[in-house]
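For reference, data_17.cif (mmCIF, C-alpha atoms):
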data_entry
#
loop_
_atom_site.label_atom_id
_atom_site.label_comp_id
_atom_site.auth_asym_id
_atom_site.auth_seq_id
_atom_site.Cartn_x
_atom_site.Cartn_y
_atom_site.Cartn_z
CA MET A 668 47.70 82.37 12.08
CA ARG A 669 44.84 82.97 14.49
CA ARG A 670 42.30 82.64 11.68
CA ALA A 671 43.92 79.46 10.39
CA LYS A 672 43.89 77.99 13.89
CA ALA A 673 40.21 78.81 14.07
CA GLY A 674 39.61 76.71 10.96
CA ASP A 675 39.84 79.32 8.20
CA VAL A 676 41.05 77.41 5.12
CA LEU A 677 41.88 80.60 3.20
CA ALA A 678 44.12 81.78 6.02
CA PHE A 679 45.78 78.36 6.04
CA GLU A 680 46.36 78.67 2.29
CA ARG A 681 48.44 81.77 3.00
CA LEU A 682 50.53 79.80 5.51
CA TYR A 683 50.91 77.08 2.89
CA GLU A 684 52.14 79.60 0.31
CA ASP A 685 54.68 81.00 2.75
CA ASN A 686 56.10 77.61 3.69
CA VAL A 687 55.53 75.14 0.87
CA ARG A 688 58.90 75.62 -0.79
CA GLN A 689 60.81 74.90 2.41
CA VAL A 690 58.71 71.84 3.17
CA TYR A 691 58.98 70.58 -0.39
CA ALA A 692 62.78 70.96 -0.38
CA LEU A 693 63.05 68.86 2.76
CA CYS A 694 60.62 66.24 1.41
CA TYR A 695 62.46 66.11 -1.91
CA ARG A 696 65.79 65.50 -0.20
CA MET A 697 64.49 63.02 2.35
CA ALA A 698 62.01 61.03 0.29
CA GLY A 699 63.20 61.60 -3.27
CA ARG A 700 61.51 63.17 -6.26
CA ASP A 701 58.80 60.52 -6.68
CA ARG A 702 57.43 60.76 -3.16
CA ALA A 703 58.11 64.46 -2.47
CA GLU A 704 54.78 65.87 -3.69
CA GLU A 705 52.65 63.38 -1.80
CA LEU A 706 54.69 63.80 1.37
CA THR A 707 54.43 67.59 1.13
CA GLN A 708 50.65 67.30 0.89
CA ASP A 709 50.56 64.94 3.86
CA VAL A 710 52.66 67.41 5.87
CA PHE A 711 50.25 70.28 5.29
CA VAL A 712 47.19 68.15 6.04
CA ARG A 713 48.84 67.03 9.28
CA ALA A 714 49.87 70.62 10.04
CA TRP A 715 46.26 71.70 9.55
CA GLN A 716 45.11 69.01 11.95
CA LYS A 717 47.74 69.89 14.55
CA LEU A 718 47.79 73.65 14.14
CA GLY A 719 46.06 74.02 17.50
CA SER A 720 49.23 72.76 19.19
CA PHE A 721 51.42 75.43 17.53
CA ARG A 722 52.08 78.00 20.23
CA GLY A 723 53.91 80.52 18.09
CA ASP A 724 57.14 80.34 20.15
CA SER A 725 59.03 79.83 16.89
CA ALA A 726 58.48 80.44 13.20
CA LEU A 727 55.96 78.12 11.58
CA ALA A 728 58.75 76.80 9.33
CA THR A 729 60.68 75.73 12.44
CA TRP A 730 57.60 73.93 13.75
CA LEU A 731 57.01 72.27 10.38
CA HIS A 732 60.56 70.89 10.15
CA PRO A 733 60.40 68.13 12.81
CA LEU A 734 56.79 67.50 11.87
CA THR A 735 57.96 66.74 8.32
CA VAL A 736 60.84 64.54 9.44
CA ASN A 737 58.66 62.61 11.89
CA LEU A 738 55.92 62.17 9.32
CA PHE A 739 58.48 60.92 6.80
CA TYR A 740 59.85 58.30 9.21
CA SER A 741 56.43 57.33 10.47
CA ASP A 742 55.34 56.79 6.86
CA LEU A 743 58.54 54.90 6.10
CA ARG A 744 57.98 52.56 9.06
CA ALA A 745 54.37 51.97 8.05
CA ARG A 746 55.40 51.16 4.49
CA ARG A 747 58.15 48.88 5.74
CA ARG A 748 55.67 46.94 7.83
CA HIS A 749 53.56 46.31 4.76
CA THR A 750 56.28 45.69 2.22
CA ASP A 751 59.25 43.58 3.10
CA ARG A 752 61.12 44.78 0.07
CA ILE A 753 61.58 48.31 1.46
CA MET A 754 65.20 48.79 2.44
CA ALA A 755 65.77 49.29 6.17
CA THR A 756 67.03 52.74 7.15
CA ASP A 757 70.10 51.30 8.82
CA ASP A 758 70.68 48.62 6.25
CA LEU A 759 74.20 49.02 4.93
CA THR A 760 73.75 47.03 1.77
CA PRO A 761 76.82 45.85 -0.10
CA HIS A 762 75.60 47.54 -3.29
CA GLU A 763 77.45 50.77 -3.95
CA PRO A 764 75.79 52.89 -6.61
CA ALA A 765 77.91 54.68 -9.17
CA LEU A 766 76.92 58.32 -8.81
CA PRO A 767 77.05 60.66 -11.77
CA PRO A 768 79.79 63.30 -11.72
CA VAL A 769 78.75 66.33 -9.70
CA ALA A 770 79.20 69.78 -11.19
CA LYS A 771 81.01 72.04 -8.76
CA ASP A 772 79.02 75.21 -9.12
CA ILE A 773 75.36 74.22 -9.13
CA GLY A 774 73.49 73.21 -6.00
CA LEU A 775 70.87 71.43 -8.04
CA ASP A 776 73.46 68.93 -9.21
CA LEU A 777 74.26 68.02 -5.64
CA ASP A 778 70.54 67.47 -5.15
CA ARG A 779 70.55 65.19 -8.20
CA ALA A 780 73.56 63.31 -6.87
CA LEU A 781 71.74 62.88 -3.54
CA GLU A 782 68.98 61.07 -5.38
CA GLY A 783 71.49 58.41 -6.41
CA LEU A 784 72.51 57.61 -2.84
CA PRO A 785 71.10 54.64 -0.93
CA PRO A 786 68.05 55.97 0.98
CA GLY A 787 69.43 55.51 4.51
CA ALA A 788 72.72 57.20 3.65
CA ARG A 789 70.96 60.05 1.84
CA GLN A 790 68.60 60.74 4.74
CA VAL A 791 71.38 60.87 7.31
CA PHE A 792 73.52 63.07 5.04
CA VAL A 793 70.66 65.51 4.46
CA LEU A 794 69.72 65.71 8.12
CA HIS A 795 73.32 66.09 9.30
CA ASP A 796 75.08 68.12 6.63
CA THR A 797 72.26 70.17 5.15
CA TYR A 798 69.96 70.70 8.12
CA GLY A 799 72.50 70.52 10.94
CA TYR A 800 71.09 67.72 13.08
CA LYS A 801 73.52 65.91 15.41
CA HIS A 802 74.01 62.16 15.30
CA HIS A 803 72.18 61.61 18.59
CA GLU A 804 69.20 63.61 17.27
CA ILE A 805 69.17 61.60 14.05
CA ALA A 806 69.36 58.38 16.04
CA GLN A 807 66.38 59.50 18.12
CA MET A 808 64.29 60.40 15.08
CA THR A 809 65.13 57.40 12.97
CA GLY A 810 65.49 54.69 15.59
CA ILE A 811 68.98 53.73 14.40
CA ALA A 812 72.09 53.65 16.60
CA VAL A 813 74.44 56.64 16.74
CA GLY A 814 77.19 54.43 15.28
CA THR A 815 74.94 53.50 12.37
CA SER A 816 74.16 57.15 11.76
CA LYS A 817 77.90 57.89 11.62
CA ALA A 818 78.48 54.95 9.28
CA GLN A 819 75.70 56.12 6.96
CA LEU A 820 77.12 59.63 6.91
CA HIS A 821 80.61 58.34 6.15
CA ARG A 822 79.22 56.24 3.33
CA ALA A 823 77.22 59.09 1.83
CA ARG A 824 80.15 61.49 2.00
CA ARG A 825 82.49 58.98 0.42
CA LEU A 826 80.11 58.28 -2.47
CA LEU A 827 79.45 61.98 -3.06
CA ARG A 828 83.13 62.88 -2.75
CA GLU A 829 83.97 60.29 -5.38
CA GLY A 830 81.26 61.83 -7.58
CA LEU A 831 82.72 65.28 -7.00
CA SER A 832 86.26 64.26 -7.84
CA ARG A 833 85.39 62.67 -11.20
CA MET B 1348 98.42 55.64 11.28
CA THR B 1349 97.43 54.32 7.85
CA CYS B 1350 95.55 56.31 5.19
CA ALA B 1351 92.49 54.08 5.67
CA GLU B 1352 92.46 54.76 9.43
CA CYS B 1353 92.93 58.45 8.82
CA ARG B 1354 90.01 58.67 6.40
CA LEU B 1355 87.75 56.79 8.75
CA GLN B 1356 88.39 59.40 11.44
CA LEU B 1357 88.26 62.46 9.22
CA ASP B 1358 84.47 62.71 9.54
CA ASP B 1359 84.65 62.96 13.32
CA ILE B 1360 87.46 65.51 13.16
CA ILE B 1361 85.67 67.73 10.68
CA ASP B 1362 82.38 67.46 12.57
CA GLY B 1363 84.12 68.32 15.84
CA GLU B 1364 82.86 65.08 17.33
CA TYR B 1365 85.88 64.42 19.50
CA ALA B 1366 88.13 67.44 19.29
CA ALA B 1367 87.41 68.29 22.90
CA SER B 1368 87.58 64.76 24.19
CA GLU B 1369 90.66 64.39 26.42
CA PRO B 1370 91.27 60.61 26.03
CA GLN B 1371 91.35 61.03 22.25
CA ALA B 1372 93.89 63.84 22.21
CA GLU B 1373 96.68 61.40 21.39
CA GLN B 1374 94.66 59.94 18.51
CA LEU B 1375 93.96 63.43 17.23
CA ALA B 1376 97.65 64.31 17.34
CA ALA B 1377 98.48 61.16 15.38
CA LEU B 1378 95.90 62.00 12.77
CA GLU B 1379 97.17 65.55 12.40
CA ALA B 1380 100.70 64.23 12.03
CA HIS B 1381 99.55 61.85 9.32
CA LEU B 1382 97.77 64.66 7.47
CA ARG B 1383 100.89 66.81 7.55
CA GLY B 1384 102.85 64.06 5.84
CA CYS B 1385 100.23 62.70 3.43
CA ALA B 1386 99.15 64.82 0.48
CA ALA B 1387 96.51 62.27 -0.62
CA CYS B 1388 94.71 62.38 2.74
CA ARG B 1389 94.95 66.18 2.80
CA ALA B 1390 93.24 66.18 -0.58
CA VAL B 1391 90.49 63.95 0.79
CA GLU B 1392 90.08 66.27 3.76
CA ALA B 1393 89.77 69.27 1.42
CA GLN B 1394 87.17 67.46 -0.70
CA LEU B 1395 85.20 66.55 2.39
CA ARG B 1396 85.19 70.10 3.66
CA GLU B 1397 84.08 71.35 0.26
CA LEU B 1398 81.28 68.78 0.10
CA ILE B 1399 80.04 69.65 3.57
CA ALA B 1400 80.10 73.36 2.75
CA ARG B 1401 78.07 72.72 -0.39
CA ALA B 1402 75.55 70.57 1.45
CA ALA B 1403 75.04 73.29 4.03
CA ALA B 1404 74.61 75.83 1.24
CA LEU B 1405 71.92 73.90 -0.63
CA PRO B 1406 68.93 76.15 -1.26
CA PRO B 1407 66.49 75.85 1.64
CA ARG B 1408 63.54 76.31 -0.73
CA MET B 1409 62.47 74.44 -3.83
CA SER B 1410 59.31 75.00 -5.82
CA PRO B 1411 57.21 71.89 -6.37
CA PRO B 1412 56.70 71.10 -10.06
CA ARG B 1413 52.95 71.76 -9.75
CA ASP B 1414 50.55 73.55 -7.46
CA LEU B 1415 49.86 71.20 -4.57
CA TRP B 1416 47.29 73.41 -2.88
CA PRO B 1417 44.12 72.17 -4.68
CA ASP B 1418 44.66 68.61 -3.41
CA ILE B 1419 45.59 69.85 0.05
CA ALA B 1420 42.54 72.15 0.15
CA GLN B 1421 40.28 69.22 -0.69
CA ARG B 1422 41.75 67.16 2.10
CA VAL B 1423 41.75 69.88 4.77
CA ARG B 1424 38.12 70.69 4.02
CA ARG B 1425 37.33 67.06 4.78
CA ALA B 1426 39.46 67.07 7.93
CA PRO B 1427 38.43 69.94 10.21
CA ALA B 1428 41.23 71.60 12.15
CA GLN B 1429 41.55 70.29 15.65
CA VAL B 1430 42.32 72.28 18.77
CA GLN B 1431 45.13 70.30 20.34
CA THR B 1432 45.04 69.89 24.10
CA HIS B 1433 48.40 69.92 25.87
CA ARG B 1434 47.68 67.40 28.58
CA PRO B 1435 49.83 64.29 28.31
CA TRP B 1436 48.21 61.37 26.56
CA THR B 1437 46.94 58.68 28.86
CA ARG B 1438 46.11 55.14 27.96
CA PHE B 1439 42.38 55.52 28.39
CA SER B 1440 41.78 59.12 27.38
CA GLY B 1441 40.60 58.26 23.87
CA LEU B 1442 38.06 55.72 25.03
CA ALA B 1443 36.91 57.87 27.93
CA ALA B 1444 36.34 60.85 25.66
CA ALA B 1445 34.50 58.79 23.10
CA ALA B 1446 32.40 57.11 25.77
CA GLY B 1447 31.57 60.55 27.19
CA VAL B 1448 30.37 61.67 23.81
CA VAL B 1449 28.13 58.68 23.38
CA LEU B 1450 26.62 59.26 26.82
CA ALA B 1451 26.16 62.98 26.24
CA LEU B 1452 24.54 62.43 22.87
CA SER B 1453 22.28 59.65 24.11
CA GLY B 1454 20.37 62.13 26.27
CA VAL B 1455 19.95 64.54 23.41
CA PHE B 1456 18.76 61.84 21.09
CA ALA B 1457 16.30 60.53 23.67
CA LEU B 1458 14.78 63.98 24.08
CA ARG B 1459 14.63 65.07 20.50
CA GLY B 1460 14.72 61.93 18.35
CA ALA B 1461 11.07 61.18 17.72
CA GLU B 1462 9.72 64.61 16.92
CA GLN B 1463 12.53 65.47 14.47
CA ARG B 1464 12.56 62.31 12.42
CA ARG B 1465 11.08 62.87 9.00
CA VAL B 1466 11.12 61.13 5.70
CA LEU B 1467 13.32 62.79 3.09
CA ASP B 1468 14.73 61.70 -0.25
CA THR B 1469 17.52 59.17 0.04
CA THR B 1470 19.87 61.56 -1.75
CA SER B 1471 20.97 64.62 0.19
CA THR B 1472 20.84 68.16 -1.11
CA THR B 1473 24.61 68.04 -1.38
CA GLY B 1474 24.46 65.06 -3.69
CA ILE B 1475 25.84 62.64 -1.09
CA SER B 1476 24.14 59.31 -1.09
CA MET B 1477 22.63 58.62 2.31
CA ARG B 1478 22.93 54.94 1.50
CA THR B 1479 26.70 55.42 1.48
CA ALA B 1480 26.84 57.77 4.41
CA LEU B 1481 24.69 55.54 6.59
CA SER B 1482 26.20 52.22 5.57
CA PRO B 1483 27.55 50.03 8.39
CA VAL B 1484 31.04 50.92 9.56
CA GLY B 1485 33.71 48.39 8.68
CA VAL B 1486 36.11 46.86 11.16
CA LEU B 1487 39.06 48.97 10.04
CA LEU B 1488 38.94 52.33 8.34
CA PRO B 1489 41.99 53.23 6.25
CA GLU B 1490 42.91 56.90 6.74
CA ARG B 1491 41.55 58.18 3.45
CA GLU B 1492 38.36 56.15 3.66
CA TYR B 1493 37.83 57.47 7.15
CA GLU B 1494 38.40 61.03 5.94
CA ARG B 1495 35.99 60.50 3.06
CA ALA B 1496 33.34 58.94 5.31
CA THR B 1497 33.53 61.65 7.97
CA ALA B 1498 33.67 64.42 5.35
CA ALA B 1499 30.52 63.07 3.65
CA LEU B 1500 28.74 62.77 6.97
CA MET B 1501 29.84 66.21 8.17
CA GLU B 1502 28.57 67.66 4.92
CA ALA B 1503 25.27 65.87 5.39
CA VAL B 1504 25.02 67.15 8.97
CA GLU B 1505 25.70 70.72 7.85
CA ALA B 1506 23.16 70.43 5.02
CA ARG B 1507 20.52 69.41 7.56
CA ARG B 1508 21.61 71.84 10.21
CA GLU B 1509 18.30 73.67 10.27
CA MET B 1510 16.54 70.41 11.08
CA LEU B 1511 18.43 70.12 14.34
CA SER B 1512 17.64 72.39 17.26
CA PRO B 1513 20.41 74.88 18.08
CA GLU B 1514 20.97 73.08 21.40
CA THR B 1515 21.35 69.72 19.68
CA HIS B 1516 23.71 71.14 17.08
CA GLN B 1517 25.76 72.78 19.81
CA VAL B 1518 26.04 69.53 21.78
CA VAL B 1519 26.95 67.60 18.64
CA THR B 1520 29.63 70.14 17.69
CA ARG B 1521 31.08 70.24 21.19
CA ASN B 1522 31.24 66.49 21.50
CA LEU B 1523 32.66 65.94 18.05
CA ARG B 1524 35.44 68.26 19.12
CA VAL B 1525 36.07 66.01 22.13
CA ILE B 1526 36.36 63.01 19.83
CA ASP B 1527 38.64 64.95 17.49
CA ASP B 1528 40.86 65.88 20.45
CA ALA B 1529 41.00 62.24 21.48
CA LEU B 1530 41.88 61.26 17.91
CA ALA B 1531 44.59 63.93 17.78
CA GLU B 1532 46.10 62.63 21.03
CA LEU B 1533 46.01 59.08 19.79
CA ARG B 1534 47.46 60.10 16.43
CA SER B 1535 50.29 61.87 18.19
CA ALA B 1536 50.92 58.85 20.43
CA LEU B 1537 50.89 56.60 17.35
CA ASP B 1538 53.40 58.86 15.61
CA SER B 1539 55.74 58.31 18.54
CA ASP B 1540 55.01 54.61 18.81
CA PRO B 1541 53.74 53.42 15.41
CA GLY B 1542 54.10 49.74 16.23
CA ASN B 1543 51.79 49.86 19.25
CA ASP B 1544 48.83 47.60 18.38
CA GLU B 1545 46.81 48.71 21.40
CA LEU B 1546 47.08 52.35 20.34
CA ALA B 1547 46.18 51.45 16.77
CA SER B 1548 43.13 49.59 18.02
CA LEU B 1549 42.07 52.52 20.25
CA PHE B 1550 42.56 54.91 17.35
CA SER B 1551 40.52 52.76 15.02
CA SER B 1552 37.69 52.28 17.53
CA THR B 1553 37.57 56.03 18.23
CA GLN B 1554 37.35 56.70 14.50
CA ARG B 1555 34.48 54.22 14.27
CA ARG B 1556 32.73 55.92 17.17
CA LYS B 1557 33.00 59.27 15.42
CA VAL B 1558 31.48 57.84 12.26
CA ALA B 1559 28.77 56.12 14.30
CA VAL B 1560 27.92 59.39 16.09
CA LEU B 1561 27.73 61.25 12.80
CA GLN B 1562 25.52 58.52 11.35
CA ARG B 1563 23.16 58.88 14.31
CA VAL B 1564 23.02 62.66 13.86
CA VAL B 1565 22.22 62.28 10.18
CA ARG B 1566 19.52 59.72 10.95
CA LEU B 1567 18.15 62.02 13.63
CA SER B 1568 17.74 64.82 11.12
CA LEU B 1569 15.95 62.69 8.50
#

Please render this file's structure as structure tokens.
Amino acid sequence: MRRAKAGDVLAFERLYEDNVRQVYALCYRMAGRDRAEELTQDVFVRAWQKLGSFRGDSALATWLHPLTVNLFYSDLRARRRHTDRIMATDDLTPHEPALPPVAKDIGLDLDRALEGLPPGARQVFVLHDTYGYKHHEIAQMTGIAVGTSKAQLHRARRLLREGLSR
Amino acid sequence: MTCAECRLQLDDIIDGEYAASEPQAEQLAALEAHLRGCAACRAVEAQLRELIARAAALPPRMSPPRDLWPDIAQRVRRAPAQVQTHRPWTRFSGLAAAAGVVLALSGVFALRGAEQRRVLDTTSTTGISMRTALSPVGVLLPEREYERATAALMEAVEARREMLSPETHQVVTRNLRVIDDALAELRSALDSDPGNDELASLFSSTQRRKVAVLQRVVRLSL
């Protein structure tokens, strides 16, 4: 860590190897398959730039987690400013996707089912049910109201539950 | 309580959102009573609990489909690591730091400019076109263009390091770090407040100052 903080790229590569799979999993679930690789790269470039602020009070993975979530939302807001067609995070659109049936014994299938959820609902579900964030924390990170966060979670769970029960 | 009302409140019950809330105790009792008498809602509750358990058990790690490191390595080599200061960001810190750099470097340039200027080929030893590196800075620099521009200039500075005196190189390095710190502070402030036009403008002008400083250093070493 000390060498990476001093600008040693090889030392940083080791940190990347230790943490890339966790970061990629979060990016995949938040941003979806298409954007996950690019977001993962952006996270590590930002981590490299901000490594000087990492004090070592926690594991690097713990430090990378909010950095990833904040980068994701910051990128989402920037994209939304430039493209009106991007769906708002708290936009409860009337369209309800038909999710594929979810196999009961394979985690990967739940990941696949997550991809079929509306983005706002998926992000809240992942943050709340997979990573354990509370509604008020999600509201703070995403800029949506606590009530909207709850509504998105309810919607995601209902859609997934219907997928599970088929 | 209807089934629809019950299912709306199941999320809060399962998440423990209001179990301890005294005013809602009556509501909770009504919901529990409904669940005791309604097999369909009990089934929904069971499905919900199963779903939540599965979500929490999702694997925390996933391997990307390809090695992402080569692209990251390229980008981090162009974006030197920055030592983050912990003082709170202030409105004028970015400009003040950048202005300080320009002042500090002005003295160095005044002392050493004339005797070190030489005529070299217009293409650097690293293959970077000086025409590109020394071209005028645009009004706005998109992130990747900025990274490319500064990386090319940094490479040119390093390639000509021996043409700068150790003192000059030290001052340049120290002051570039000040600019990088200012950029890191501004970047962090922008992350928290991405819609702030004033911050975006400060960030952009500080980036331009960094490129301008690097351009001057490269010119100085020609």

Report task. Evaluate the PyMOL selection byres ((chain B) within 9 of (chain A)) and record the selected residues as a ChimeraX atom specification, following the chain and residue labels used in the document. Result -> /B:1355,1358-1359,1391,1394-1395,1398-1413,1415-1416,1418-1420,1422-1424,1426-1433,1531,1537-1542

**Report entry** Option closest in space to B:Gly1384, from B:Cys1350, B:Ala1372, B:Ala1503, B:Ile1361 [counting all atoms listed in the file]
**Finding:**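 For B:Gly1384, the nearest of the given residues is B:Cys1350.
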
Query raised in the report: atom CA of B:Met1501 and atom CA of B:Val1564 are how many Å apart?
Result: 9.6 Å

Requested in this report: One decimal, Å: what's the distance from atom CA of A:Leu743 over to atom CA of A:Arg702, could you say?
Outcome: 11.0 Å

Query raised in the report: Can you list, as JSON, numbers by chain, the residues that the PyMOL selection byres ((chain A and resi 787) around 12) selects here?
Result: {"A": [696, 697, 698, 699, 740, 743, 753, 754, 755, 756, 757, 758, 759, 760, 781, 782, 783, 784, 785, 786, 788, 789, 790, 791, 792, 793, 794, 805, 806, 809, 810, 811, 815, 816, 817, 818, 819, 820, 821, 822, 823]}

Requested in this report: Report as a VMD selection string the residues that result from applying the PyMOL selection byres ((chain B and resi 1557) around 9) to the structure here.
Outcome: chain B and resid 1445 1497 1523 1526 to 1527 1552 to 1556 1558 to 1562

Those same residues - C-alpha atoms - I'd like them written as a short mmCIF file (atom, residue, chain, number, x, y, z; two decimals), in the coordinates of the input.
data_model
loop_
_atom_site.label_atom_id
_atom_site.label_comp_id
_atom_site.auth_asym_id
_atom_site.auth_seq_id
_atom_site.Cartn_x
_atom_site.Cartn_y
_atom_site.Cartn_z
CA ALA B 1445 34.50 58.79 23.10
CA THR B 1497 33.53 61.65 7.97
CA LEU B 1523 32.66 65.94 18.05
CA ILE B 1526 36.36 63.01 19.83
CA ASP B 1527 38.64 64.95 17.49
CA SER B 1552 37.69 52.28 17.53
CA THR B 1553 37.57 56.03 18.23
CA GLN B 1554 37.35 56.70 14.50
CA ARG B 1555 34.48 54.22 14.27
CA ARG B 1556 32.73 55.92 17.17
CA VAL B 1558 31.48 57.84 12.26
CA ALA B 1559 28.77 56.12 14.30
CA VAL B 1560 27.92 59.39 16.09
CA LEU B 1561 27.73 61.25 12.80
CA GLN B 1562 25.52 58.52 11.35
#

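The interatomic distance for the pair atom CA of B:Cys1388 and atom CA of B:Arg1354 works out to 7.0 Å.
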
May I ask you to restore N, CA and C atoms in stretch 671-692 of chain A and write the result as a short mmCIF file (atom, residue, chain, number, x, y, z; two decimals), keeping the file's coordinate frame?
data_model
loop_
_atom_site.label_atom_id
_atom_site.label_comp_id
_atom_site.auth_asym_id
_atom_site.auth_seq_id
_atom_site.Cartn_x
_atom_site.Cartn_y
_atom_site.Cartn_z
N ALA A 671 43.68 80.85 10.83
CA ALA A 671 43.92 79.46 10.39
C ALA A 671 43.67 78.50 11.53
N LYS A 672 44.11 78.87 12.73
CA LYS A 672 43.89 77.99 13.89
C LYS A 672 42.41 77.85 14.21
N ALA A 673 41.65 78.86 13.82
CA ALA A 673 40.21 78.81 14.07
C ALA A 673 39.47 78.05 12.96
N GLY A 674 40.22 77.54 11.99
CA GLY A 674 39.61 76.71 10.96
C GLY A 674 39.38 77.41 9.64
N ASP A 675 40.01 78.57 9.44
CA ASP A 675 39.84 79.32 8.20
C ASP A 675 40.79 78.76 7.13
N VAL A 676 40.23 78.08 6.14
CA VAL A 676 41.05 77.41 5.12
C VAL A 676 41.82 78.43 4.27
N LEU A 677 41.20 79.58 4.00
CA LEU A 677 41.88 80.60 3.20
C LEU A 677 43.11 81.13 3.93
N ALA A 678 42.97 81.32 5.24
CA ALA A 678 44.12 81.78 6.02
C ALA A 678 45.21 80.71 6.03
N PHE A 679 44.79 79.45 6.06
CA PHE A 679 45.78 78.36 6.04
C PHE A 679 46.47 78.31 4.69
N GLU A 680 45.75 78.65 3.63
CA GLU A 680 46.36 78.67 2.29
C GLU A 680 47.53 79.66 2.26
N ARG A 681 47.36 80.78 2.94
CA ARG A 681 48.44 81.77 3.00
C ARG A 681 49.66 81.18 3.71
N LEU A 682 49.41 80.44 4.79
CA LEU A 682 50.53 79.80 5.51
C LEU A 682 51.20 78.77 4.61
N TYR A 683 50.37 78.06 3.84
CA TYR A 683 50.91 77.08 2.89
C TYR A 683 51.83 77.79 1.88
N GLU A 684 51.35 78.89 1.33
CA GLU A 684 52.14 79.60 0.31
C GLU A 684 53.48 80.08 0.88
N ASP A 685 53.45 80.50 2.14
CA ASP A 685 54.68 81.00 2.75
C ASP A 685 55.69 79.89 3.03
N ASN A 686 55.21 78.67 3.19
CA ASN A 686 56.10 77.61 3.69
C ASN A 686 56.28 76.42 2.76
N VAL A 687 55.50 76.36 1.68
CA VAL A 687 55.53 75.14 0.87
C VAL A 687 56.90 74.84 0.28
N ARG A 688 57.63 75.88 -0.12
CA ARG A 688 58.90 75.62 -0.79
C ARG A 688 59.95 75.03 0.17
N GLN A 689 59.88 75.48 1.43
CA GLN A 689 60.81 74.90 2.41
C GLN A 689 60.45 73.44 2.71
N VAL A 690 59.15 73.20 2.87
CA VAL A 690 58.71 71.84 3.17
C VAL A 690 59.02 70.92 1.99
N TYR A 691 58.75 71.41 0.79
CA TYR A 691 58.98 70.58 -0.39
C TYR A 691 60.47 70.24 -0.53
N ALA A 692 61.34 71.22 -0.27
CA ALA A 692 62.78 70.96 -0.38
C ALA A 692 63.20 69.84 0.57
#
